[in-house]
Structures are given as C-alpha cells and as structure tokens.
$ cat run.txt   # compact mmCIF, C-alpha atoms
# COMPACT_ATOMS: atom_id res chain seq x y z
CA MET A 21 83.09 -70.18 -76.60
CA PRO A 22 80.30 -72.78 -76.70
CA GLY A 23 80.36 -74.91 -73.55
CA GLY A 24 82.54 -72.45 -71.64
CA ARG A 25 86.18 -71.55 -71.96
CA LEU A 26 88.74 -74.16 -72.82
CA THR A 27 90.67 -75.56 -69.88
CA GLN A 28 94.44 -75.94 -69.80
CA GLN A 29 94.02 -79.70 -70.10
CA GLU A 30 91.89 -79.28 -73.22
CA ARG A 31 94.53 -77.02 -74.71
CA GLN A 32 97.14 -79.68 -74.04
CA GLN A 33 94.93 -82.19 -75.86
CA ILE A 34 94.68 -79.78 -78.80
CA ALA A 35 98.47 -79.48 -78.89
CA LEU A 36 98.82 -83.28 -78.86
CA GLY A 37 96.25 -83.59 -81.63
CA LEU A 38 98.11 -81.07 -83.78
CA ALA A 39 101.37 -82.93 -83.18
CA ASP A 40 99.65 -86.09 -84.44
CA ASP A 41 98.42 -84.22 -87.56
CA LEU A 42 94.77 -84.71 -86.60
CA ALA A 43 92.16 -82.61 -88.36
CA TYR A 44 90.45 -79.88 -86.34
CA ALA A 45 87.17 -81.78 -86.61
CA GLU A 46 88.72 -84.89 -85.06
CA ILE A 47 90.33 -82.92 -82.23
CA ALA A 48 86.99 -81.21 -81.58
CA ARG A 49 85.18 -84.57 -81.55
CA ARG A 50 87.55 -85.93 -78.92
CA LEU A 51 87.00 -82.83 -76.79
CA ASP A 52 83.24 -82.79 -77.41
CA ARG A 53 83.59 -79.22 -78.67
CA PRO A 54 82.47 -77.49 -81.88
CA THR A 55 85.06 -77.60 -84.64
CA SER A 56 84.91 -73.80 -84.86
CA THR A 57 86.02 -73.57 -81.21
CA VAL A 58 89.16 -75.59 -81.85
CA THR A 59 89.87 -73.81 -85.14
CA ARG A 60 89.58 -70.40 -83.57
CA GLU A 61 91.69 -71.39 -80.56
CA VAL A 62 94.54 -72.59 -82.76
CA MET A 63 94.45 -69.66 -85.17
CA ARG A 64 94.38 -67.10 -82.37
CA ASN A 65 97.45 -68.64 -80.81
CA GLY A 66 100.07 -69.05 -83.49
CA GLY A 67 98.44 -71.44 -85.98
CA PRO A 68 98.89 -75.21 -86.28
CA THR A 69 102.69 -75.11 -86.51
CA ALA A 70 103.31 -72.72 -83.61
CA TYR A 71 100.49 -73.54 -81.17
CA ARG A 72 101.66 -74.07 -77.56
CA ALA A 73 99.12 -75.04 -74.90
CA ASP A 74 100.75 -73.18 -72.00
CA LEU A 75 101.29 -69.99 -73.99
CA ALA A 76 97.73 -70.12 -75.35
CA HIS A 77 96.33 -70.54 -71.85
CA ARG A 78 98.26 -67.56 -70.49
CA ALA A 79 97.33 -65.44 -73.50
CA THR A 80 93.64 -66.20 -72.97
CA GLY A 81 93.97 -65.13 -69.33
CA ARG A 82 95.54 -61.84 -70.35
CA ARG A 83 92.81 -61.19 -72.91
CA ALA A 84 90.17 -61.84 -70.25
CA GLN A 85 91.78 -59.23 -67.99
CA ARG A 86 91.67 -56.55 -70.67
CA ARG A 87 87.96 -55.93 -70.21
CA GLY A 88 86.61 -52.84 -71.90
CA GLN A 89 89.23 -52.94 -74.66
CA PRO A 90 88.25 -54.08 -78.17
CA ALA A 91 89.56 -57.58 -78.87
CA ALA A 92 91.81 -58.22 -81.85
CA GLY A 93 89.14 -60.50 -83.27
CA ALA A 94 86.32 -57.99 -82.88
CA ALA A 95 85.44 -58.45 -86.54
CA ASN A 96 84.34 -61.98 -85.76
CA ALA A 97 81.43 -60.62 -83.71
CA VAL A 98 80.03 -58.57 -86.60
CA PRO A 99 76.44 -59.67 -87.34
CA GLN A 100 76.38 -61.87 -90.43
CA PRO A 101 73.87 -61.83 -93.31
CA HIS A 102 72.12 -64.86 -94.81
CA GLY A 103 71.78 -66.55 -91.41
CA ARG A 104 75.51 -67.27 -91.13
CA ASP A 105 76.97 -68.03 -87.72
CA ALA A 106 79.29 -65.16 -86.75
CA GLU A 107 81.69 -67.33 -84.77
CA THR A 108 82.02 -69.89 -87.57
CA VAL A 109 82.65 -67.14 -90.13
CA GLY A 110 85.21 -65.56 -87.81
CA ALA A 111 87.03 -68.85 -87.33
CA TYR A 112 87.09 -69.45 -91.08
CA GLU A 113 88.44 -65.94 -91.65
CA GLU A 114 91.40 -66.84 -89.44
CA VAL A 115 91.90 -70.14 -91.29
CA PHE A 116 91.82 -68.32 -94.64
CA THR A 117 94.27 -65.71 -93.35
CA ILE A 118 96.73 -68.43 -92.31
CA ALA A 119 96.41 -70.07 -95.74
CA LEU A 120 97.27 -66.78 -97.45
CA MET A 121 100.25 -66.31 -95.12
CA GLN A 122 101.48 -69.82 -95.87
CA SER A 123 101.38 -68.95 -99.58
CA GLY A 124 104.01 -66.28 -98.87
CA MET A 125 101.87 -63.19 -98.23
CA GLY A 126 102.57 -60.95 -95.23
CA ARG A 127 100.37 -61.20 -92.15
CA MET A 128 98.59 -57.84 -92.43
CA ALA A 129 98.11 -58.08 -96.20
CA SER A 130 96.61 -61.54 -95.61
CA ARG A 131 94.24 -60.20 -92.94
CA VAL A 132 93.09 -57.34 -95.17
CA LEU A 133 92.56 -59.57 -98.19
CA ALA A 134 90.65 -62.15 -96.15
CA CYS A 135 88.36 -59.41 -94.79
CA LEU A 136 87.60 -58.17 -98.29
CA TYR A 137 87.06 -61.65 -99.70
CA LEU A 138 84.55 -62.67 -97.05
CA THR A 139 82.21 -59.72 -97.57
CA ASP A 140 79.37 -60.26 -100.00
CA GLU A 141 80.08 -56.86 -101.57
CA GLY A 142 83.82 -57.59 -101.93
CA SER A 143 84.39 -54.06 -100.70
CA LEU A 144 85.23 -52.18 -97.49
CA THR A 145 86.32 -48.64 -96.70
CA ALA A 146 89.61 -47.85 -95.01
CA ALA A 147 87.71 -46.95 -91.83
CA GLU A 148 85.81 -50.25 -91.89
CA LEU A 149 89.04 -52.22 -92.22
CA VAL A 150 90.58 -50.28 -89.33
CA ALA A 151 87.56 -51.06 -87.15
CA ARG A 152 87.39 -54.74 -88.12
CA LEU A 153 91.09 -55.44 -87.72
CA GLN A 154 91.74 -53.08 -84.79
CA VAL A 155 94.85 -51.62 -86.41
CA SER A 156 95.97 -48.13 -87.40
CA PRO A 157 95.00 -46.44 -90.68
CA ALA A 158 98.70 -46.41 -91.61
CA THR A 159 98.87 -50.20 -91.19
CA VAL A 160 95.87 -50.70 -93.47
CA SER A 161 97.29 -48.26 -96.02
CA LYS A 162 100.60 -50.12 -96.13
CA ALA A 163 98.88 -53.48 -96.63
CA ILE A 164 96.63 -52.05 -99.36
CA SER A 165 99.64 -50.57 -101.17
CA PHE A 166 101.27 -54.00 -101.28
CA LEU A 167 98.09 -55.71 -102.47
CA GLU A 168 97.64 -53.06 -105.17
CA SER A 169 101.20 -53.62 -106.37
CA GLN A 170 100.33 -57.31 -106.79
CA GLY A 171 97.11 -56.54 -108.68
CA MET A 172 94.99 -58.03 -105.90
CA VAL A 173 92.85 -55.04 -104.90
CA THR A 174 91.57 -51.88 -106.52
CA ARG A 175 90.55 -48.64 -104.89
CA GLU A 176 87.97 -45.96 -105.63
CA ARG A 177 86.40 -43.01 -103.84
CA ASP A 178 82.71 -43.34 -103.07
CA GLU A 179 80.07 -40.61 -103.10
CA ARG A 180 81.23 -39.46 -99.65
CA ARG A 181 84.85 -39.17 -100.86
CA ARG A 182 85.91 -42.12 -98.72
CA GLU A 183 88.51 -44.51 -100.07
CA ARG A 184 86.93 -47.88 -100.74
CA TYR A 185 88.88 -51.04 -101.58
CA PHE A 186 87.56 -53.81 -103.82
CA VAL A 187 88.25 -57.40 -104.75
CA ASP A 188 86.60 -58.98 -107.79
CA ASP A 189 86.69 -62.16 -109.85
CA ASP A 190 89.66 -60.90 -111.84
CA ILE A 191 92.08 -60.30 -108.98
CA TRP A 192 93.73 -63.70 -109.25
CA TYR A 193 94.06 -63.24 -113.00
CA ARG A 194 95.71 -59.86 -112.48
CA SER A 195 97.91 -61.31 -109.76
CA MET A 196 99.10 -64.08 -112.08
CA VAL A 197 99.89 -61.51 -114.77
CA VAL A 198 101.92 -59.46 -112.27
CA SER A 199 103.72 -62.64 -111.20
CA ALA A 200 104.54 -63.54 -114.81
CA GLN A 201 105.86 -60.02 -115.44
CA ALA A 202 108.02 -60.13 -112.31
CA THR A 203 109.43 -63.51 -113.36
CA ALA A 204 110.16 -62.15 -116.83
CA ARG A 205 112.11 -59.28 -115.29
CA LEU A 206 114.07 -61.80 -113.23
CA VAL A 207 114.91 -63.65 -116.45
CA ASP A 208 116.41 -60.46 -117.91
CA THR A 209 118.43 -59.83 -114.75
CA THR A 210 119.69 -63.41 -114.66
CA ARG A 211 120.81 -63.23 -118.29
CA GLN A 212 122.73 -60.05 -117.52
CA GLY A 213 124.67 -62.14 -115.02
CA VAL A 214 125.57 -64.61 -117.76
CA GLY A 215 127.26 -61.78 -119.65
CA VAL A 216 129.09 -60.62 -116.53
CA LEU A 217 130.31 -64.07 -115.45
CA GLY A 218 130.87 -65.53 -118.90
CA ALA A 219 128.65 -68.02 -120.72
CA ASP A 220 131.42 -70.63 -120.77
CA THR A 221 131.98 -70.62 -117.00
CA PRO A 222 130.24 -72.83 -114.42
CA ALA A 223 128.56 -69.82 -112.76
CA GLY A 224 127.48 -68.38 -116.11
CA ASN A 225 126.12 -71.75 -117.20
CA ARG A 226 124.18 -72.03 -113.96
CA LEU A 227 122.55 -68.62 -114.47
CA GLU A 228 121.68 -69.45 -118.09
CA ASN A 229 119.93 -72.64 -116.99
CA ILE A 230 118.01 -70.67 -114.36
CA ALA A 231 117.06 -68.03 -116.94
CA ARG A 232 115.74 -70.65 -119.39
CA PHE A 233 113.74 -72.33 -116.64
CA LEU A 234 112.22 -69.05 -115.42
CA ASP A 235 111.50 -67.96 -118.98
CA PHE A 236 109.51 -71.16 -119.52
CA ILE A 237 107.64 -70.70 -116.23
CA SER A 238 106.82 -67.06 -116.98
CA GLU A 239 105.34 -67.91 -120.37
CA ALA A 240 103.42 -70.87 -118.91
CA ILE A 241 101.91 -68.69 -116.17
CA ALA A 242 100.83 -66.04 -118.69
CA ARG A 243 99.23 -68.64 -121.01
CA ALA A 244 97.49 -70.43 -118.15
CA ALA A 245 96.13 -67.15 -116.77
CA GLU A 246 94.62 -66.24 -120.14
CA HIS A 247 93.11 -69.69 -120.64
CA GLY A 248 91.82 -69.89 -117.10
CA ARG A 249 90.32 -66.42 -116.92
CA GLU A 250 86.95 -67.65 -118.18
CA VAL A 251 86.71 -70.00 -115.19
CA LEU A 252 86.65 -66.98 -112.88
CA HIS A 253 83.44 -65.78 -114.52
CA ALA A 254 81.73 -69.14 -115.05
CA LYS A 255 78.98 -70.15 -112.66
CA PRO A 256 78.80 -73.63 -111.06
CA LEU A 257 76.19 -75.92 -112.60
CA GLY A 258 73.87 -78.32 -110.84
CA GLY A 259 75.17 -77.52 -107.37
CA ASP A 260 78.60 -78.92 -108.23
CA PRO A 261 81.23 -76.25 -107.39
CA GLU A 262 83.78 -78.04 -109.59
CA LYS A 263 81.46 -78.14 -112.62
CA THR A 264 81.11 -74.82 -114.44
CA GLU A 265 79.50 -73.67 -117.67
CA LYS A 266 82.93 -73.76 -119.30
CA THR A 267 83.79 -77.29 -118.15
CA ALA A 268 80.35 -78.48 -119.22
CA GLU A 269 80.98 -77.14 -122.73
CA THR A 270 84.33 -78.94 -122.80
CA ASP A 271 82.72 -82.18 -121.66
CA ASP A 272 80.01 -81.91 -124.31
CA ALA A 273 82.58 -81.32 -127.03
CA ALA A 274 84.59 -84.33 -125.84
CA GLY A 275 81.47 -86.49 -125.78
$ encode --input "run.txt" --output "structure tokens"
Amino acid sequence: MPGGRLTQQERQQIALGLADDLAYAEIARRLDRPTSTVTREVMRNGGPTAYRADLAHRATGRRAQRRGQPAAGAANAVPQPHGRDAETVGAYEEVFTIALMQSGMGRMASRVLACLYLTDEGSLTAAELVARLQVSPATVSKAISFLESQGMVTRERDERRRERYFVDDDIWYRSMVVSAQATARLVDTTRQGVGVLGADTPAGNRLENIARFLDFISEAIARAAEHGREVLHAKPLGGDPEKTEKTAETDDAAG
C-alpha cells in the first residue's frame, strides 16, 4: 500500500471513522493516506458494517505469511488499459462487489458480475474468471448459472471452443423483465392461497391485498423497463453523464 502497510492504530482510526459514518475520503484525509488504501482495507476485511480493526490486523499478518501463494485479490494487480491505476480499479471493484451484495445478490455472483462489468470488452472466459478470482471452475460455473437465470449474463463459445461470458447494455433490462415475471408468478401463487383460505377470512383478505399490490408492482416494473430501455443505449451528451440523447430530446420537446 502507498506509504507502507497500515498500522494497528491506523486500523483502529478507520474503525472509529466507520462508526461515525465518515466517508472513506475523509478517513483517508485524517490518516494522510490515499482514499483507495482505506477503501481496499475496509472491503478486504468485511466491508463497512463488519470491519473490525483487530481482526483486520491479524488477517493482514496471516496474508503476509502466505508468501508464494496467489492472493485473493490477485485480479487487482492485473495491468490496466487507458492509463488506469491498477490499485484504484481493484479497490473500486471491491466497492462495486459490496454494492451488488447489498442489493441482495450472493457474494460469488457479485464478484463475477463486477469482474465482467469492469472489463472494457464486457467479456471473460471461465478460465480468466478462475484466475482473477482465485476460485474453482465449479464455483464460477455455479455463479454464472445463477446470473444466467436472472438474465444478467450470456454465454457463447469462442473460436477456440472456450466458454466466454458476456455482459451488455441490455442486462439490466433483461433482469428487470425476469424480476417482473417472477413477481407475476408470486401473484398467481398468492391468489391460490386466497382460494384455499377463503376470500372472506382475515388470512384470505391479507393474501388478496398482497396479490393486488404485487400485481401492480409487476406491471409497473415491466412498463418502466420498456420505457427505460432506450436510456441503456443512449450516449451522454456534452460530458454530462446524466444528460443523454433521449433526455435532450425530451427537454427540447418540453421547451
């Protein structure tokens, strides 16, 4: 890490900063360390809600003793294109992984998806994922199967007959469609319960209310996904990431 390894006292200050809900940048400023150093330290040791200074310090010592073995974060050392800083990209990959996990996705599926997202090609082979994440092929395969079931990755075989996994601009659209379909199925199941329990009973009435709510949500998700799909393919205008070709057209029509 820049400036040498973190001391136990610095890790205690990080823990105190997290307890006070300070941003990583503010904690790093107080330690006179790069923000990426603090971010990576926290994400490697349980994330902001589970970080413990003493446990992190001991874990770092154990990692230092395992010389000659590939580190779990070996992917972070991969040379980066476009002049990107490898450590900063690696730290952000961990931040992005935590964000996906906090949205409800499993840890390994989150790690795989983050890896795919942060490649310019939006594509990696099974072997490349195994090497980057330092996990078994079976672990990668299981994570990919889940992501496929959610419409979040696709797979093809390249010219060398290797399985290659892809993310593209449409994956969130497909994921929303899958979510809407799953919610619609839950509506049907809930309404079956109304028939079993009786529509004029408290339990039956409760299930009917849930079914109507979920039915509304399912339709709203499907409509929003269709309307929002064009945003996924629109390019930002004038350097403003929030201003796209589509929003510009809307603004012009309103004006």
$ residues_around --input "run.txt" --residues "Ala73 (chain A)" --least-positions-apart "6" --cutoff "12 Å" --atoms "all atoms listed in the file" --output "PyMOL selection string"
chain A and resi 26-39+61-62+64-67+79-80
$ write_last_selection --input "run.txt" --atoms "C-alpha atoms" --output "short mmCIF file (atom, residue, chain, number, x, y, z; two decimals), in the coordinates of the input"
data_model
loop_
_atom_site.label_atom_id
_atom_site.label_comp_id
_atom_site.auth_asym_id
_atom_site.auth_seq_id
_atom_site.Cartn_x
_atom_site.Cartn_y
_atom_site.Cartn_z
CA LEU A 26 88.74 -74.16 -72.82
CA THR A 27 90.67 -75.56 -69.88
CA GLN A 28 94.44 -75.94 -69.80
CA GLN A 29 94.02 -79.70 -70.10
CA GLU A 30 91.89 -79.28 -73.22
CA ARG A 31 94.53 -77.02 -74.71
CA GLN A 32 97.14 -79.68 -74.04
CA GLN A 33 94.93 -82.19 -75.86
CA ILE A 34 94.68 -79.78 -78.80
CA ALA A 35 98.47 -79.48 -78.89
CA LEU A 36 98.82 -83.28 -78.86
CA GLY A 37 96.25 -83.59 -81.63
CA LEU A 38 98.11 -81.07 -83.78
CA ALA A 39 101.37 -82.93 -83.18
CA GLU A 61 91.69 -71.39 -80.56
CA VAL A 62 94.54 -72.59 -82.76
CA ARG A 64 94.38 -67.10 -82.37
CA ASN A 65 97.45 -68.64 -80.81
CA GLY A 66 100.07 -69.05 -83.49
CA GLY A 67 98.44 -71.44 -85.98
CA ALA A 79 97.33 -65.44 -73.50
CA THR A 80 93.64 -66.20 -72.97
#
$ atom_distance --input "run.txt" --atom1 "CA of Val173 (chain A)" --atom2 "CA of Ala111 (chain A)"
23.1 Å
$ closest_residue --input "run.txt" --among "A:Met63, A:Ala43, A:Met196, A:Val132" --to "Leu149 (chain A)" --atoms "all atoms listed in the file"
A:Val132
$ closest_residue --input "run.txt" --among "A:Gly103, A:Pro68, A:Gly126, A:Gly248" --to "Asp40 (chain A)" --atoms "all atoms listed in the file"
A:Pro68
$ closest_residue --input "run.txt" --among "A:Thr221, A:Ser143, A:Ser199, A:Thr210" --to "Ala245 (chain A)" --atoms "all atoms listed in the file"
A:Ser199
$ closest_residue --input "run.txt" --among "A:Ser165, A:Glu148, A:Arg226, A:Arg249" --to "Arg194 (chain A)" --atoms "only C-alpha atoms"
A:Arg249
$ residues_around --input "run.txt" --residues "Gln201 (chain A)" --least-positions-apart "2" --cutoff "12 Å" --atoms "all atoms listed in the file" --output "VMD selection string"
chain A and resid 170 to 171 194 to 199 203 to 208 234 to 235 237 to 242
$ atom_distance --input "run.txt" --atom1 "CA of Gln122 (chain A)" --atom2 "CA of Tyr71 (chain A)"
15.2 Å
$ closest_residue --input "run.txt" --among "A:Arg72, A:His77, A:Arg49, A:Arg60" --to "Glu107 (chain A)" --atoms "all atoms listed in the file"
A:Arg60
$ atom_distance --input "run.txt" --atom1 "CA of Ala147 (chain A)" --atom2 "CA of Arg104 (chain A)"
23.7 Å
$ decode --input "run.txt" --residues "region 157-181 of chain A" --atoms "N, CA, C and O atoms" --output "compact mmCIF listing (two decimals), in the first residue's frame"
# COMPACT_ATOMS: atom_id res chain seq x y z
N PRO A 157 -13.22 -23.75 -10.87
CA PRO A 157 -14.13 -23.66 -12.02
C PRO A 157 -15.57 -23.94 -11.63
O PRO A 157 -16.49 -23.33 -12.18
N ALA A 158 -15.77 -24.87 -10.68
CA ALA A 158 -17.15 -25.20 -10.26
C ALA A 158 -17.81 -24.00 -9.60
O ALA A 158 -19.01 -23.76 -9.78
N THR A 159 -17.03 -23.22 -8.83
CA THR A 159 -17.58 -22.04 -8.17
C THR A 159 -18.01 -21.00 -9.19
O THR A 159 -19.08 -20.39 -9.08
N VAL A 160 -17.17 -20.78 -10.21
CA VAL A 160 -17.52 -19.84 -11.27
C VAL A 160 -18.75 -20.32 -12.02
O VAL A 160 -19.67 -19.54 -12.31
N SER A 161 -18.79 -21.61 -12.32
CA SER A 161 -19.93 -22.16 -13.06
C SER A 161 -21.24 -21.97 -12.30
O SER A 161 -22.27 -21.62 -12.89
N LYS A 162 -21.20 -22.19 -11.01
CA LYS A 162 -22.41 -22.02 -10.19
C LYS A 162 -22.88 -20.57 -10.19
O LYS A 162 -24.07 -20.28 -10.32
N ALA A 163 -21.92 -19.64 -10.06
CA ALA A 163 -22.28 -18.21 -10.06
C ALA A 163 -22.84 -17.80 -11.42
O ALA A 163 -23.83 -17.05 -11.50
N ILE A 164 -22.23 -18.29 -12.50
CA ILE A 164 -22.71 -17.97 -13.84
C ILE A 164 -24.12 -18.51 -14.06
O ILE A 164 -24.98 -17.84 -14.65
N SER A 165 -24.38 -19.72 -13.57
CA SER A 165 -25.72 -20.30 -13.73
C SER A 165 -26.78 -19.43 -13.07
O SER A 165 -27.86 -19.21 -13.62
N PHE A 166 -26.45 -18.91 -11.88
CA PHE A 166 -27.40 -18.02 -11.21
C PHE A 166 -27.60 -16.74 -12.01
O PHE A 166 -28.73 -16.30 -12.22
N LEU A 167 -26.51 -16.13 -12.45
CA LEU A 167 -26.61 -14.88 -13.19
C LEU A 167 -27.37 -15.07 -14.50
O LEU A 167 -28.14 -14.20 -14.91
N GLU A 168 -27.17 -16.21 -15.16
CA GLU A 168 -27.93 -16.52 -16.37
C GLU A 168 -29.42 -16.62 -16.07
O GLU A 168 -30.26 -16.13 -16.83
N SER A 169 -29.76 -17.25 -14.95
CA SER A 169 -31.17 -17.42 -14.60
C SER A 169 -31.84 -16.08 -14.34
O SER A 169 -33.07 -15.96 -14.48
N GLN A 170 -31.04 -15.07 -13.98
CA GLN A 170 -31.58 -13.74 -13.74
C GLN A 170 -31.47 -12.84 -14.96
O GLN A 170 -31.79 -11.64 -14.90
N GLY A 171 -31.00 -13.40 -16.08
CA GLY A 171 -30.88 -12.62 -17.31
C GLY A 171 -29.74 -11.63 -17.29
O GLY A 171 -29.73 -10.67 -18.07
N MET A 172 -28.72 -11.85 -16.43
CA MET A 172 -27.69 -10.84 -16.24
C MET A 172 -26.40 -11.14 -16.99
O MET A 172 -25.52 -10.28 -17.08
N VAL A 173 -26.22 -12.35 -17.49
CA VAL A 173 -25.07 -12.66 -18.34
C VAL A 173 -25.54 -13.57 -19.47
O VAL A 173 -26.59 -14.22 -19.37
N THR A 174 -24.76 -13.59 -20.53
CA THR A 174 -24.97 -14.56 -21.60
C THR A 174 -23.66 -15.31 -21.82
O THR A 174 -22.60 -14.85 -21.38
N ARG A 175 -23.76 -16.44 -22.46
CA ARG A 175 -22.54 -17.22 -22.71
C ARG A 175 -22.49 -17.67 -24.16
O ARG A 175 -23.51 -17.93 -24.79
N GLU A 176 -21.27 -17.76 -24.68
CA GLU A 176 -21.03 -18.26 -26.03
C GLU A 176 -19.73 -19.05 -26.02
O GLU A 176 -18.95 -18.96 -25.06
N ARG A 177 -19.48 -19.80 -27.08
CA ARG A 177 -18.18 -20.45 -27.25
C ARG A 177 -17.40 -19.70 -28.32
O ARG A 177 -17.93 -19.40 -29.38
N ASP A 178 -16.14 -19.36 -28.00
CA ASP A 178 -15.34 -18.62 -28.97
C ASP A 178 -14.72 -19.57 -29.97
O ASP A 178 -15.01 -20.77 -29.99
N GLU A 179 -13.83 -19.02 -30.83
CA GLU A 179 -13.25 -19.81 -31.91
C GLU A 179 -12.39 -20.95 -31.39
O GLU A 179 -12.13 -21.93 -32.10
N ARG A 180 -11.97 -20.87 -30.13
CA ARG A 180 -11.16 -21.95 -29.54
C ARG A 180 -12.02 -22.88 -28.69
O ARG A 180 -11.49 -23.67 -27.93
N ARG A 181 -13.33 -22.77 -28.83
CA ARG A 181 -14.29 -23.62 -28.13
C ARG A 181 -14.28 -23.40 -26.62
O ARG A 181 -14.71 -24.25 -25.85
